[in-house]
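Novice: My structure is stored as data_9.cif, with mmCIF, C-alpha atoms.
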```
data_upload
#
loop_
_atom_site.label_atom_id
_atom_site.label_comp_id
_atom_site.auth_asym_id
_atom_site.auth_seq_id
_atom_site.Cartn_x
_atom_site.Cartn_y
_atom_site.Cartn_z
CA MET A 24 126.66 38.14 -0.99
CA HIS A 25 127.49 41.29 0.92
CA LYS A 26 127.63 44.92 -0.14
CA THR A 27 131.42 44.75 -0.43
CA ASP A 28 131.09 41.84 -2.86
CA ILE A 29 128.78 43.95 -5.03
CA VAL A 30 131.23 46.87 -4.91
CA ARG A 31 134.19 44.62 -5.84
CA ALA A 32 132.28 43.04 -8.75
CA LEU A 33 131.14 46.45 -10.02
CA ALA A 34 134.67 47.87 -9.79
CA LYS A 35 136.18 44.88 -11.60
CA LYS A 36 133.56 44.52 -14.32
CA GLY A 37 133.03 48.26 -14.79
CA GLY A 38 136.73 49.10 -14.85
CA VAL A 39 136.34 51.77 -12.18
CA SER A 40 138.07 52.28 -8.85
CA TYR A 41 136.79 50.58 -5.72
CA LEU A 42 135.95 53.98 -4.18
CA ASP A 43 133.93 55.07 -7.23
CA ALA A 44 132.05 51.77 -7.22
CA ASP A 45 131.41 52.11 -3.47
CA ASP A 46 130.06 55.65 -3.97
CA PHE A 47 127.77 54.42 -6.75
CA VAL A 48 126.40 51.54 -4.67
CA ASN A 49 125.82 53.83 -1.68
CA LEU A 50 124.00 56.39 -3.87
CA MET A 51 121.85 53.66 -5.40
CA PHE A 52 120.88 52.21 -2.02
CA GLU A 53 120.13 55.68 -0.67
CA ALA A 54 117.91 56.38 -3.68
CA PHE A 55 116.05 53.12 -2.98
CA VAL A 56 115.58 54.04 0.68
CA GLN A 57 114.34 57.54 -0.15
CA ALA A 58 111.85 56.16 -2.69
CA LEU A 59 110.52 53.65 -0.16
CA LEU A 60 110.21 56.38 2.47
CA ARG A 61 108.02 58.27 -0.03
CA GLU A 62 106.15 54.94 -0.47
CA GLU A 63 107.01 54.78 -4.15
CA ARG A 64 107.30 51.47 -5.96
CA ILE A 65 110.74 50.54 -7.28
CA ALA A 66 110.48 48.37 -10.40
CA ILE A 67 113.62 46.84 -11.90
CA ARG A 68 112.71 45.03 -15.11
CA GLY A 69 113.87 41.43 -15.10
CA PHE A 70 114.69 41.53 -11.38
CA GLY A 71 111.65 42.49 -9.32
CA ASN A 72 109.72 45.14 -7.42
CA PHE A 73 110.24 46.77 -4.05
CA THR A 74 107.21 48.20 -2.26
CA VAL A 75 106.10 49.16 1.25
CA ARG A 76 103.44 47.04 2.93
CA HIS A 77 101.27 48.33 5.76
CA TYR A 78 100.25 46.22 8.72
CA GLY A 79 97.72 47.69 11.14
CA ALA A 80 97.73 47.64 14.91
CA ARG A 81 96.96 44.27 16.44
CA LYS A 82 96.41 42.75 19.83
CA SER A 83 99.22 40.62 21.21
CA ARG A 84 100.38 39.18 24.50
CA ASN A 85 103.48 39.83 26.56
CA PRO A 86 105.00 36.32 26.78
CA LYS A 87 106.54 37.03 30.17
CA THR A 88 103.49 38.38 31.99
CA GLY A 89 100.67 37.22 29.74
CA ALA A 90 99.25 40.75 29.73
CA GLU A 91 97.44 41.82 26.56
CA ILE A 92 99.16 44.64 24.64
CA THR A 93 98.47 46.46 21.41
CA ALA A 94 101.26 46.24 18.85
CA ALA A 95 101.67 49.47 16.89
CA PRO A 96 101.01 49.58 13.15
CA VAL A 97 104.13 49.06 11.04
CA ARG A 98 105.35 49.61 7.48
CA VAL A 99 107.59 46.89 6.09
CA PRO A 100 109.70 46.88 2.91
CA TYR A 101 108.64 44.05 0.60
CA PHE A 102 110.33 42.49 -2.44
CA LYS A 103 108.59 40.48 -5.13
CA ALA A 104 110.85 38.73 -7.62
CA GLY A 105 110.19 39.29 -11.31
CA LYS A 106 109.28 36.55 -13.74
CA GLU A 107 112.71 36.48 -15.43
CA LEU A 108 114.53 36.16 -12.09
CA LEU A 109 112.22 33.37 -10.96
CA ASN A 110 112.76 31.52 -14.23
CA ARG A 111 116.56 31.81 -13.96
CA ILE A 112 116.56 30.59 -10.36
CA ASN A 113 114.33 27.64 -11.25
CA ASN A 114 116.39 26.76 -14.38
CA ARG A 115 113.51 27.30 -16.79
#
```
Could you write out this structure as structure tokens?
Specialist:
Amino acid sequence: MHKTDIVRALAKKGGVSYLDADDFVNLMFEAFVQALLREERIAIRGFGNFTVRHYGARKSRNPKTGAEITAAPVRVPYFKAGKELLNRINNR
């Protein structure tokens, strides 16, 4: 499913215009991004949680030259499915 599929479904089911649905979806995604940038947890009951995970610097190798390099620390968005979603997916 793509973002346009979500917008179309929201417009159809919600009885709103495609442009209004698109604006809503964009605002919602932007709110998610801003919350994750502030490293806040996003909890959607029955669906799951979005958080930011931290991975520290590590030693790695350049595959071309074999030289040892240090990979910079990174922050990665992480999603953990909720219990209800897992049960629906697994037909429980």
Novice: Report, in Å with one decimal, the straight-line distance from atom CA of A:Met24 to atom CA of A:Ile112.
Specialist: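 Rounded to one decimal, the two atoms are 15.7 Å apart.
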Novice: Would you write out, as number ranges by chain, every residue that the PyMOL selection byres ((chain A and resi 29) around 12) captures in this file?
Specialist: A: 24-28, 30-37, 41, 44-49, 51-52
Novice: To one decimal place in Å, what is the distance between atom CA of A:Val56 and atom CA of A:Arg76?
Specialist: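 Answer for the atom CA of A:Val56 to atom CA of A:Arg76 separation: 14.2 Å.
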Novice: In Å, how far is it from atom CA of A:Arg64 to atom CA of A:Glu107?
Specialist: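 A separation of 18.5 Å between them.
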Novice: Between A:Leu108, A:Val39, A:Ala66, A:Val97, which residue has the minimum interatomic distance to A:Arg81, considering only C-alpha atoms?
Specialist: A:Val97
Novice: With distances taken over only C-alpha atoms, which residue among A:Val75, A:Ile67, A:Ala58, A:Leu42 lies nearest A:Tyr101?
Specialist: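 Once distances to A:Tyr101 are computed over only C-alpha atoms, the minimum belongs to A:Val75.
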Novice: Excluding A:His77 and any residue of its chain fewer than 4 positions from it, enumerate the residues within 12 Å of it, using all atoms listed in the file, and give them as a VMD selection string.
Specialist: chain A and resid 62 95 to 101
Novice: Identify, on the basis of only C-alpha atoms, every residue whose closest approach to A:Glu63 does not exceed 9 Å; exclude the query and any residue fewer than 3 positions from it along the same chain; express the result as number ranges by chain.
Specialist: A: 57-60, 73-75
Novice: Would you compute the box with edges along x, y and z of the file around stretch 25-41 of chain A, including every atom the file lists for it and 5 Å extra on each side, and give its centre and edge lengths in Å to one decimal, as JSON?
Specialist:
```
{"center_x": 132.8, "center_y": 46.8, "center_z": -7.0, "size_x": 20.6, "size_y": 21.0, "size_z": 25.8}
```
Novice: I'd like the residues picked by the PyMOL selection byres ((chain A and resi 93) around 12) written out as a list in words, using the chain letters and numbers from the file.
Specialist: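 Listing what the PyMOL selection byres ((chain A and resi 93) around 12) selects in the shown file: Gly79, Ala80, Arg81, Lys82, Ser83, Arg84, Asn85, Ala90, Glu91, Ile92, Ala94, Ala95 and Pro96 of chain A.
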Novice: Considering only C-alpha atoms, state which residue in the set A:Arg115, A:Gly105, A:Glu53, A:Asn110 is at the smallest distance from A:Gly71.
Specialist: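 Distance minimum relative to A:Gly71 lands on A:Gly105.
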Novice: Out of A:Phe55, A:Asn72, A:Lys87, A:Gly38, which residue has the shortest atom-to-atom distance to A:Lys103 when counting only C-alpha atoms?
Specialist: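 Smallest separation from A:Lys103 among the options: A:Asn72.
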